[in-house]
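Undergrad: File name my_file05.txt; file contents compact mmCIF, N, CA and C atoms; full text below.
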# COMPACT_ATOMS: atom_id res chain seq x y z
N MET A 630 -3.16 28.14 -0.84
CA MET A 630 -3.94 27.05 -1.36
C MET A 630 -3.26 25.70 -1.12
N TYR A 631 -1.99 25.60 -1.48
CA TYR A 631 -1.23 24.38 -1.24
C TYR A 631 -0.09 24.70 -0.27
N GLU A 632 -0.38 24.59 1.02
CA GLU A 632 0.66 24.88 2.02
C GLU A 632 1.70 23.79 2.07
N LYS A 633 1.26 22.54 1.96
CA LYS A 633 2.18 21.40 2.00
C LYS A 633 1.92 20.49 0.81
N ILE A 634 2.96 20.31 -0.01
CA ILE A 634 2.87 19.46 -1.19
C ILE A 634 3.72 18.21 -0.96
N LEU A 635 3.10 17.05 -1.09
CA LEU A 635 3.84 15.80 -1.03
C LEU A 635 4.26 15.43 -2.45
N VAL A 636 5.56 15.28 -2.66
CA VAL A 636 6.09 14.89 -3.96
C VAL A 636 6.63 13.47 -3.82
N THR A 637 6.03 12.55 -4.57
CA THR A 637 6.50 11.17 -4.51
C THR A 637 7.55 10.97 -5.59
N LEU A 638 8.63 10.34 -5.22
CA LEU A 638 9.74 10.10 -6.13
C LEU A 638 10.03 8.61 -6.19
N ASP A 639 10.35 8.13 -7.40
CA ASP A 639 10.68 6.71 -7.51
C ASP A 639 12.15 6.48 -7.87
N GLY A 640 12.92 7.55 -7.96
CA GLY A 640 14.35 7.41 -8.20
C GLY A 640 14.71 7.12 -9.64
N THR A 641 13.78 7.38 -10.56
CA THR A 641 14.04 7.17 -11.98
C THR A 641 14.04 8.52 -12.69
N PRO A 642 14.44 8.56 -13.94
CA PRO A 642 14.43 9.83 -14.69
C PRO A 642 13.05 10.48 -14.79
N THR A 643 11.98 9.72 -14.60
CA THR A 643 10.65 10.33 -14.65
C THR A 643 10.43 11.35 -13.54
N ASP A 644 11.22 11.26 -12.48
CA ASP A 644 11.11 12.22 -11.37
C ASP A 644 11.35 13.66 -11.82
N ARG A 645 12.20 13.85 -12.80
CA ARG A 645 12.57 15.21 -13.22
C ARG A 645 11.35 16.04 -13.60
N ALA A 646 10.38 15.42 -14.26
CA ALA A 646 9.19 16.16 -14.68
C ALA A 646 8.45 16.76 -13.49
N ILE A 647 8.21 15.95 -12.47
CA ILE A 647 7.44 16.45 -11.33
C ILE A 647 8.28 17.38 -10.47
N ILE A 648 9.57 17.13 -10.36
CA ILE A 648 10.44 18.02 -9.58
C ILE A 648 10.41 19.42 -10.17
N GLU A 649 10.61 19.54 -11.47
CA GLU A 649 10.63 20.87 -12.10
C GLU A 649 9.27 21.56 -12.01
N HIS A 650 8.21 20.80 -12.18
CA HIS A 650 6.87 21.37 -12.10
C HIS A 650 6.57 21.88 -10.69
N VAL A 651 6.90 21.07 -9.70
CA VAL A 651 6.60 21.44 -8.31
C VAL A 651 7.48 22.61 -7.85
N LYS A 652 8.68 22.71 -8.35
CA LYS A 652 9.51 23.88 -8.01
C LYS A 652 8.78 25.17 -8.36
N GLN A 653 8.22 25.21 -9.55
CA GLN A 653 7.49 26.41 -9.98
C GLN A 653 6.22 26.61 -9.16
N LEU A 654 5.47 25.55 -8.95
CA LEU A 654 4.24 25.63 -8.19
C LEU A 654 4.49 26.06 -6.75
N ALA A 655 5.48 25.46 -6.12
CA ALA A 655 5.79 25.78 -4.72
C ALA A 655 6.27 27.22 -4.57
N THR A 656 6.99 27.70 -5.55
CA THR A 656 7.46 29.08 -5.51
C THR A 656 6.27 30.04 -5.57
N VAL A 657 5.37 29.82 -6.49
CA VAL A 657 4.20 30.68 -6.65
C VAL A 657 3.28 30.60 -5.43
N MET A 658 3.12 29.42 -4.88
CA MET A 658 2.20 29.20 -3.76
C MET A 658 2.85 29.35 -2.38
N SER A 659 4.15 29.58 -2.34
CA SER A 659 4.89 29.63 -1.06
C SER A 659 4.66 28.35 -0.26
N SER A 660 4.73 27.24 -0.95
CA SER A 660 4.46 25.94 -0.33
C SER A 660 5.70 25.33 0.29
N ARG A 661 5.47 24.50 1.30
CA ARG A 661 6.51 23.63 1.83
C ARG A 661 6.36 22.31 1.10
N VAL A 662 7.47 21.68 0.80
CA VAL A 662 7.47 20.44 0.03
C VAL A 662 8.02 19.31 0.90
N VAL A 663 7.37 18.17 0.81
CA VAL A 663 7.89 16.95 1.43
C VAL A 663 8.14 15.95 0.31
N LEU A 664 9.36 15.49 0.22
CA LEU A 664 9.76 14.51 -0.79
C LEU A 664 9.68 13.12 -0.16
N LEU A 665 8.96 12.23 -0.79
CA LEU A 665 8.79 10.89 -0.25
C LEU A 665 9.21 9.86 -1.28
N HIS A 666 10.09 8.98 -0.86
CA HIS A 666 10.46 7.82 -1.69
C HIS A 666 10.18 6.58 -0.87
N VAL A 667 9.61 5.58 -1.52
CA VAL A 667 9.34 4.31 -0.85
C VAL A 667 10.32 3.27 -1.36
N ALA A 668 11.22 2.84 -0.48
CA ALA A 668 12.15 1.76 -0.81
C ALA A 668 11.34 0.48 -0.84
N ASP A 669 11.43 -0.24 -1.95
CA ASP A 669 10.59 -1.43 -2.07
C ASP A 669 11.36 -2.68 -2.46
N GLY A 670 12.66 -2.66 -2.23
CA GLY A 670 13.46 -3.86 -2.48
C GLY A 670 13.23 -4.91 -1.41
N TRP A 671 13.90 -6.04 -1.57
CA TRP A 671 13.71 -7.14 -0.63
C TRP A 671 14.00 -6.74 0.81
N ALA A 672 15.12 -6.08 1.05
CA ALA A 672 15.48 -5.69 2.42
C ALA A 672 14.45 -4.73 3.00
N ALA A 673 14.03 -3.76 2.20
CA ALA A 673 13.07 -2.77 2.68
C ALA A 673 11.73 -3.41 3.02
N ARG A 674 11.27 -4.32 2.17
CA ARG A 674 9.98 -4.97 2.41
C ARG A 674 10.07 -5.96 3.58
N THR A 675 11.23 -6.56 3.78
CA THR A 675 11.39 -7.56 4.83
C THR A 675 11.66 -6.93 6.19
N TYR A 676 12.56 -5.93 6.23
CA TYR A 676 13.01 -5.38 7.51
C TYR A 676 12.51 -3.97 7.80
N GLY A 677 11.86 -3.34 6.84
CA GLY A 677 11.34 -2.00 7.07
C GLY A 677 12.43 -1.03 7.47
N ARG A 678 12.17 -0.23 8.49
CA ARG A 678 13.13 0.80 8.94
C ARG A 678 14.46 0.21 9.41
N ASP A 679 14.48 -1.06 9.73
CA ASP A 679 15.73 -1.70 10.17
C ASP A 679 16.57 -2.20 9.00
N ALA A 680 16.08 -2.03 7.79
CA ALA A 680 16.80 -2.52 6.60
C ALA A 680 18.10 -1.77 6.41
N VAL A 681 19.12 -2.52 6.05
CA VAL A 681 20.42 -1.95 5.69
C VAL A 681 20.79 -2.58 4.36
N SER A 682 20.92 -1.73 3.34
CA SER A 682 21.27 -2.26 2.03
C SER A 682 21.81 -1.13 1.17
N GLU A 683 22.39 -1.50 0.06
CA GLU A 683 22.88 -0.51 -0.90
C GLU A 683 21.71 0.32 -1.41
N GLU A 684 20.55 -0.31 -1.63
CA GLU A 684 19.37 0.41 -2.09
C GLU A 684 19.00 1.53 -1.11
N ILE A 685 18.98 1.22 0.17
CA ILE A 685 18.59 2.20 1.18
C ILE A 685 19.60 3.35 1.19
N ARG A 686 20.87 3.04 1.11
CA ARG A 686 21.89 4.08 1.09
C ARG A 686 21.73 4.98 -0.13
N GLU A 687 21.54 4.40 -1.29
CA GLU A 687 21.36 5.18 -2.52
C GLU A 687 20.08 6.01 -2.47
N ASP A 688 19.00 5.43 -1.95
CA ASP A 688 17.74 6.16 -1.85
C ASP A 688 17.87 7.36 -0.92
N THR A 689 18.56 7.18 0.18
CA THR A 689 18.76 8.27 1.14
C THR A 689 19.57 9.39 0.50
N GLN A 690 20.63 9.04 -0.20
CA GLN A 690 21.46 10.05 -0.88
C GLN A 690 20.65 10.79 -1.94
N TYR A 691 19.86 10.05 -2.69
CA TYR A 691 19.04 10.65 -3.74
C TYR A 691 18.06 11.66 -3.14
N LEU A 692 17.35 11.25 -2.10
CA LEU A 692 16.40 12.16 -1.46
C LEU A 692 17.09 13.42 -0.96
N GLU A 693 18.25 13.25 -0.36
CA GLU A 693 18.98 14.42 0.16
C GLU A 693 19.40 15.35 -0.97
N SER A 694 19.81 14.81 -2.09
CA SER A 694 20.23 15.67 -3.21
C SER A 694 19.04 16.44 -3.78
N VAL A 695 17.89 15.80 -3.88
CA VAL A 695 16.70 16.51 -4.39
C VAL A 695 16.23 17.55 -3.37
N ARG A 696 16.29 17.20 -2.09
CA ARG A 696 15.90 18.17 -1.05
C ARG A 696 16.80 19.40 -1.12
N ALA A 697 18.09 19.19 -1.28
CA ALA A 697 19.04 20.31 -1.38
C ALA A 697 18.75 21.16 -2.61
N GLU A 698 18.34 20.52 -3.68
CA GLU A 698 17.99 21.24 -4.92
C GLU A 698 16.80 22.18 -4.67
N PHE A 699 15.78 21.71 -3.95
CA PHE A 699 14.64 22.57 -3.61
C PHE A 699 15.09 23.70 -2.68
N GLN A 700 15.86 23.35 -1.67
CA GLN A 700 16.33 24.36 -0.70
C GLN A 700 17.13 25.45 -1.39
N LYS A 701 17.93 25.07 -2.38
CA LYS A 701 18.77 26.02 -3.10
C LYS A 701 17.92 27.07 -3.82
N THR A 702 16.70 26.70 -4.21
CA THR A 702 15.83 27.65 -4.88
C THR A 702 14.93 28.40 -3.90
N GLY A 703 15.18 28.22 -2.59
CA GLY A 703 14.43 28.94 -1.58
C GLY A 703 13.14 28.27 -1.14
N ILE A 704 12.94 27.03 -1.51
CA ILE A 704 11.73 26.30 -1.14
C ILE A 704 12.02 25.44 0.08
N LEU A 705 11.20 25.58 1.12
CA LEU A 705 11.36 24.73 2.30
C LEU A 705 11.03 23.30 1.91
N ALA A 706 11.94 22.39 2.17
CA ALA A 706 11.74 21.01 1.75
C ALA A 706 12.27 20.05 2.81
N ASP A 707 11.51 19.00 3.01
CA ASP A 707 11.91 17.89 3.87
C ASP A 707 11.90 16.63 3.01
N SER A 708 12.57 15.60 3.49
CA SER A 708 12.54 14.34 2.77
C SER A 708 12.31 13.20 3.74
N GLU A 709 11.60 12.19 3.25
CA GLU A 709 11.31 11.02 4.07
C GLU A 709 11.44 9.76 3.23
N LEU A 710 11.93 8.73 3.86
CA LEU A 710 12.06 7.43 3.22
C LEU A 710 11.10 6.48 3.91
N ALA A 711 10.24 5.83 3.13
CA ALA A 711 9.32 4.83 3.66
C ALA A 711 9.76 3.48 3.11
N TYR A 712 9.16 2.42 3.62
CA TYR A 712 9.59 1.06 3.27
C TYR A 712 8.39 0.18 2.98
N GLY A 713 8.42 -0.54 1.85
CA GLY A 713 7.36 -1.48 1.54
C GLY A 713 6.73 -1.24 0.19
N ASP A 714 5.43 -1.40 0.12
CA ASP A 714 4.67 -1.22 -1.11
C ASP A 714 4.44 0.27 -1.35
N PRO A 715 4.89 0.81 -2.48
CA PRO A 715 4.78 2.25 -2.70
C PRO A 715 3.37 2.82 -2.55
N ALA A 716 2.38 2.23 -3.19
CA ALA A 716 1.02 2.78 -3.10
C ALA A 716 0.52 2.79 -1.65
N LYS A 717 0.69 1.69 -0.95
CA LYS A 717 0.22 1.60 0.43
C LYS A 717 0.93 2.61 1.32
N GLU A 718 2.22 2.77 1.13
CA GLU A 718 2.98 3.69 1.98
C GLU A 718 2.66 5.15 1.69
N ILE A 719 2.43 5.49 0.43
CA ILE A 719 2.04 6.87 0.09
C ILE A 719 0.68 7.17 0.70
N ILE A 720 -0.26 6.25 0.55
CA ILE A 720 -1.60 6.44 1.12
C ILE A 720 -1.51 6.58 2.64
N ARG A 721 -0.74 5.72 3.28
CA ARG A 721 -0.58 5.79 4.74
C ARG A 721 0.01 7.13 5.15
N TRP A 722 1.02 7.60 4.41
CA TRP A 722 1.65 8.88 4.74
C TRP A 722 0.62 10.01 4.67
N VAL A 723 -0.16 10.06 3.61
CA VAL A 723 -1.16 11.11 3.45
C VAL A 723 -2.19 11.05 4.57
N GLN A 724 -2.64 9.86 4.91
CA GLN A 724 -3.65 9.71 5.96
C GLN A 724 -3.11 10.09 7.33
N GLN A 725 -1.85 9.79 7.61
CA GLN A 725 -1.28 10.06 8.92
C GLN A 725 -0.74 11.48 9.08
N LYS A 726 -0.14 12.01 8.02
CA LYS A 726 0.55 13.30 8.15
C LYS A 726 -0.15 14.44 7.44
N GLY A 727 -0.94 14.14 6.45
CA GLY A 727 -1.72 15.14 5.74
C GLY A 727 -0.91 16.06 4.84
N CYS A 728 -1.55 16.50 3.78
CA CYS A 728 -0.97 17.45 2.86
C CYS A 728 -2.12 18.07 2.07
N ASP A 729 -1.81 19.08 1.29
CA ASP A 729 -2.83 19.75 0.49
C ASP A 729 -2.83 19.28 -0.96
N LEU A 730 -1.75 18.63 -1.38
CA LEU A 730 -1.63 18.15 -2.76
C LEU A 730 -0.59 17.04 -2.79
N VAL A 731 -0.89 16.00 -3.56
CA VAL A 731 0.09 14.95 -3.83
C VAL A 731 0.50 15.11 -5.28
N ALA A 732 1.80 15.22 -5.54
CA ALA A 732 2.33 15.39 -6.89
C ALA A 732 3.15 14.18 -7.27
N MET A 733 2.82 13.59 -8.42
CA MET A 733 3.47 12.35 -8.86
C MET A 733 3.76 12.41 -10.36
N SER A 734 4.89 11.85 -10.75
CA SER A 734 5.14 11.61 -12.17
C SER A 734 4.60 10.23 -12.50
N THR A 735 4.14 10.06 -13.72
CA THR A 735 3.70 8.74 -14.14
C THR A 735 4.55 8.29 -15.32
N HIS A 736 4.64 6.99 -15.49
CA HIS A 736 5.44 6.43 -16.56
C HIS A 736 4.68 6.38 -17.88
N GLY A 737 3.37 6.58 -17.83
CA GLY A 737 2.59 6.60 -19.05
C GLY A 737 2.34 5.24 -19.66
N HIS A 738 2.18 4.20 -18.81
CA HIS A 738 1.82 2.89 -19.35
C HIS A 738 0.50 3.00 -20.09
N ARG A 739 0.24 2.07 -20.89
CA ARG A 739 -1.03 2.01 -21.61
C ARG A 739 -1.90 0.91 -21.03
N PHE A 740 -3.06 0.80 -21.52
CA PHE A 740 -4.12 -0.05 -21.01
C PHE A 740 -3.66 -1.43 -20.54
N LEU A 741 -3.03 -2.22 -21.40
CA LEU A 741 -2.66 -3.59 -21.01
C LEU A 741 -1.61 -3.61 -19.91
N ALA A 742 -0.64 -2.73 -19.99
CA ALA A 742 0.37 -2.68 -18.93
C ALA A 742 -0.26 -2.32 -17.60
N ASP A 743 -1.20 -1.38 -17.63
CA ASP A 743 -1.88 -0.99 -16.39
C ASP A 743 -2.69 -2.14 -15.80
N ILE A 744 -3.33 -2.93 -16.66
CA ILE A 744 -4.12 -4.06 -16.17
C ILE A 744 -3.21 -5.09 -15.49
N PHE A 745 -2.10 -5.40 -16.12
CA PHE A 745 -1.23 -6.45 -15.58
C PHE A 745 -0.30 -5.94 -14.49
N LEU A 746 0.15 -4.71 -14.60
CA LEU A 746 1.09 -4.17 -13.62
C LEU A 746 0.41 -3.36 -12.53
N GLY A 747 -0.75 -2.80 -12.83
CA GLY A 747 -1.38 -1.87 -11.91
C GLY A 747 -0.55 -0.60 -11.90
N THR A 748 -1.06 0.45 -11.28
CA THR A 748 -0.26 1.65 -11.19
C THR A 748 -0.33 2.20 -9.79
N THR A 749 0.80 2.64 -9.31
CA THR A 749 0.84 3.29 -8.00
C THR A 749 -0.06 4.51 -8.02
N ALA A 750 0.05 5.31 -9.07
CA ALA A 750 -0.72 6.55 -9.17
C ALA A 750 -2.22 6.27 -9.08
N SER A 751 -2.68 5.26 -9.77
CA SER A 751 -4.10 4.93 -9.77
C SER A 751 -4.57 4.53 -8.37
N HIS A 752 -3.80 3.68 -7.71
CA HIS A 752 -4.17 3.27 -6.35
C HIS A 752 -4.22 4.47 -5.41
N VAL A 753 -3.24 5.34 -5.53
CA VAL A 753 -3.18 6.51 -4.65
C VAL A 753 -4.36 7.43 -4.91
N GLN A 754 -4.58 7.81 -6.14
CA GLN A 754 -5.62 8.80 -6.43
C GLN A 754 -7.02 8.32 -6.05
N HIS A 755 -7.24 7.00 -6.05
CA HIS A 755 -8.55 6.49 -5.68
C HIS A 755 -8.68 6.19 -4.18
N SER A 756 -7.63 6.42 -3.43
CA SER A 756 -7.65 6.06 -2.01
C SER A 756 -7.49 7.23 -1.06
N ILE A 757 -7.26 8.42 -1.58
CA ILE A 757 -7.09 9.58 -0.70
C ILE A 757 -8.09 10.67 -1.08
N ARG A 758 -8.22 11.64 -0.20
CA ARG A 758 -9.22 12.69 -0.41
C ARG A 758 -8.61 14.05 -0.73
N VAL A 759 -7.33 14.10 -0.98
CA VAL A 759 -6.71 15.37 -1.36
C VAL A 759 -6.44 15.34 -2.86
N PRO A 760 -6.30 16.51 -3.48
CA PRO A 760 -6.01 16.54 -4.92
C PRO A 760 -4.70 15.82 -5.24
N VAL A 761 -4.67 15.19 -6.40
CA VAL A 761 -3.48 14.50 -6.89
C VAL A 761 -3.12 15.10 -8.24
N LEU A 762 -1.90 15.59 -8.35
CA LEU A 762 -1.39 16.09 -9.61
C LEU A 762 -0.55 14.99 -10.24
N LEU A 763 -0.98 14.49 -11.38
CA LEU A 763 -0.26 13.46 -12.11
C LEU A 763 0.35 14.10 -13.35
N LEU A 764 1.64 14.00 -13.45
CA LEU A 764 2.34 14.58 -14.58
C LEU A 764 3.04 13.47 -15.34
N ARG A 765 2.65 13.27 -16.56
CA ARG A 765 3.25 12.20 -17.36
C ARG A 765 4.63 12.61 -17.80
N ALA A 766 5.60 11.78 -17.50
CA ALA A 766 6.99 12.05 -17.89
C ALA A 766 7.14 11.82 -19.38
N LYS A 767 8.04 12.57 -19.98
CA LYS A 767 8.28 12.42 -21.42
C LYS A 767 9.13 11.22 -21.70
Taking this structure as input, can you express it in the form of structure tokens?
TA:
Amino acid sequence: MYEKILVTLDGTPTDRAIIEHVKQLATVMSSRVVLLHVADGWAARTYGRDAVSEEIREDTQYLESVRAEFQKTGILADSELAYGDPAKEIIRWVQQKGCDLVAMSTHGHRFLADIFLGTTASHVQHSIRVPVLLLRAK
């Protein structure tokens, strides 16, 4: 059912909820997992793939550690780093590379915060045609 699951990570503690959930789901479904983080700092937004910064180094290390965590449990996992606006880059990734499910943790903002801040999850779920699993972090 879910051969390829895209897991979006933002590098915050909210990631743990979706990581643990997808580990179980991928095991049951024999899914391959792709971990995607979008670097969105000044260097990433300005220089894209050519960006060199502490943020990019830390993001790369983080992705590798989570990928290794999935691999250790026997789940095939790849990791990718994108650059720019998170919602736009996640949508672009899904449209170009395809997947069967997008899995995301949400911060659980409430109405006013969502109006003023917008949400990556909301933009993504309304812009793609594959199922989106949104898991609210505790």
Undergrad: Just list as a PyMOL selection string whatever in chain A DSSP marks as helix (DSSP H, G or I).
TA: chain A and resi 644-658+671-679+683-701+715-726+740-746+749-754
Undergrad: By how many Å are atom CA of A:Lys652 and atom CA of A:Glu718 apart?
TA: 23.5 Å
Undergrad: Could you give me, as an mmCIF file with N, CA and C atoms, in the frame of the given file, the residues within 12 Å of A:Leu764, counting only C-alpha atoms and dropping anything in the same chain fewer than 4 positions from it?
TA:
data_model
loop_
_atom_site.group_PDB
_atom_site.id
_atom_site.type_symbol
_atom_site.label_atom_id
_atom_site.label_comp_id
_atom_site.auth_asym_id
_atom_site.auth_seq_id
_atom_site.Cartn_x
_atom_site.Cartn_y
_atom_site.Cartn_z
ATOM 1 N N VAL A 636 5.560 15.280 -2.660
ATOM 2 C CA VAL A 636 6.090 14.890 -3.960
ATOM 3 C C VAL A 636 6.630 13.470 -3.820
ATOM 4 N N THR A 637 6.030 12.550 -4.570
ATOM 5 C CA THR A 637 6.500 11.170 -4.510
ATOM 6 C C THR A 637 7.550 10.970 -5.590
ATOM 7 N N THR A 643 11.980 9.720 -14.600
ATOM 8 C CA THR A 643 10.650 10.330 -14.650
ATOM 9 C C THR A 643 10.430 11.350 -13.540
ATOM 10 N N ASP A 644 11.220 11.260 -12.480
ATOM 11 C CA ASP A 644 11.110 12.220 -11.370
ATOM 12 C C ASP A 644 11.350 13.660 -11.820
ATOM 13 N N ARG A 645 12.200 13.850 -12.800
ATOM 14 C CA ARG A 645 12.570 15.210 -13.220
ATOM 15 C C ARG A 645 11.350 16.040 -13.600
ATOM 16 N N ALA A 646 10.380 15.420 -14.260
ATOM 17 C CA ALA A 646 9.190 16.160 -14.680
ATOM 18 C C ALA A 646 8.450 16.760 -13.490
ATOM 19 N N ILE A 647 8.210 15.950 -12.470
ATOM 20 C CA ILE A 647 7.440 16.450 -11.330
ATOM 21 C C ILE A 647 8.280 17.380 -10.470
ATOM 22 N N ILE A 648 9.570 17.130 -10.360
ATOM 23 C CA ILE A 648 10.440 18.020 -9.580
ATOM 24 C C ILE A 648 10.410 19.420 -10.170
ATOM 25 N N GLU A 649 10.610 19.540 -11.470
ATOM 26 C CA GLU A 649 10.630 20.870 -12.100
ATOM 27 C C GLU A 649 9.270 21.560 -12.010
ATOM 28 N N HIS A 650 8.210 20.800 -12.180
ATOM 29 C CA HIS A 650 6.870 21.370 -12.100
ATOM 30 C C HIS A 650 6.570 21.880 -10.690
ATOM 31 N N VAL A 651 6.900 21.070 -9.700
ATOM 32 C CA VAL A 651 6.600 21.440 -8.310
ATOM 33 C C VAL A 651 7.480 22.610 -7.850
ATOM 34 N N VAL A 731 -0.890 16.000 -3.560
ATOM 35 C CA VAL A 731 0.090 14.950 -3.830
ATOM 36 C C VAL A 731 0.500 15.110 -5.280
ATOM 37 N N ALA A 732 1.800 15.220 -5.540
ATOM 38 C CA ALA A 732 2.330 15.390 -6.890
ATOM 39 C C ALA A 732 3.150 14.180 -7.270
ATOM 40 N N MET A 733 2.820 13.590 -8.420
ATOM 41 C CA MET A 733 3.470 12.350 -8.860
ATOM 42 C C MET A 733 3.760 12.410 -10.360
ATOM 43 N N SER A 734 4.890 11.850 -10.750
ATOM 44 C CA SER A 734 5.140 11.610 -12.170
ATOM 45 C C SER A 734 4.600 10.230 -12.500
ATOM 46 N N THR A 735 4.140 10.060 -13.720
ATOM 47 C CA THR A 735 3.700 8.740 -14.140
ATOM 48 C C THR A 735 4.550 8.290 -15.320
ATOM 49 N N HIS A 736 4.640 6.990 -15.490
ATOM 50 C CA HIS A 736 5.440 6.430 -16.560
ATOM 51 C C HIS A 736 4.680 6.380 -17.880
ATOM 52 N N GLY A 737 3.370 6.580 -17.830
ATOM 53 C CA GLY A 737 2.590 6.600 -19.050
ATOM 54 C C GLY A 737 2.340 5.240 -19.660
ATOM 55 N N ALA A 750 0.050 5.310 -9.070
ATOM 56 C CA ALA A 750 -0.720 6.550 -9.170
ATOM 57 C C ALA A 750 -2.220 6.270 -9.080
#
Undergrad: Taking into account all atoms listed in the file, which residue in the set A:Val662, A:Ile634, A:Ile685, A:Ile757 is nearest to A:Ser708?
TA: A:Val662
Undergrad: I need the residues in chain A that are strand (DSSP E) according to DSSP; give them as a PyMOL selection string.
TA: chain A and resi 633-638+661-668+706-712+730-735+761-765
Undergrad: Nearest to A:Lys633: which of A:Val753, A:Leu692, A:Leu664, A:Ala672 is it, counting only C-alpha atoms?
TA: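 So, comparing all the options, the nearest one is A:Leu664.
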Undergrad: Please provide the set of residues having any atom within 10 Å of A:Trp722, restricted to only C-alpha atoms, with same-chain residues fewer than 4 positions apart removed, written as a ChimeraX atom specification.
TA: /A:635,665,709,711,716-718,726-728
Undergrad: Go through A:Gly703, A:Gly713, A:Leu763, A:Ala668 and flag the residue nearest A:Asp688, using only C-alpha atoms for the distances.
TA: A:Ala668
Undergrad: Using all atoms listed in the file, which residues sit within 8 Å of A:Val759 once same-chain residues fewer than 3 positions away are excluded, as a PyMOL selection string?
TA: chain A and resi 728-731+754+756+762
Undergrad: If you take every atom of stretch 661-671 of chain A that the file lists and fit an axis-aligned box around them with 8 Å extra on each side, what centre and edge lengths come out in Å to one decimal, as JSON?
TA:
{"center_x": 9.7, "center_y": 8.7, "center_z": -0.3, "size_x": 24.5, "size_y": 47.6, "size_z": 20.3}
Undergrad: Hey, can you check how far atom CA of A:Asp639 sits from atom N of A:Asp669?
TA: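 One can read the atom CA of A:Asp639 to atom N of A:Asp669 distance as 8.9 Å.
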Undergrad: Can you tell me how far atom CA of A:Gln724 sits from atom CA of A:Asp707, in Å to one decimal?
TA: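 Rounded to one decimal, the two atoms are 17.7 Å apart.
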Undergrad: Which is closest to A:His666 among A:Asp679, A:Glu698, A:Tyr631, A:Asp714, if we use only C-alpha atoms?
TA: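 Using only C-alpha atoms, the shortest distance to A:His666 belongs to A:Asp714.
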Undergrad: Return the single residue from A:Arg686, A:Arg661, A:Arg674, A:Arg721 that is closest to A:Phe699, with distances computed using only C-alpha atoms.
TA: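 Smallest distance to A:Phe699 is found for A:Arg661.
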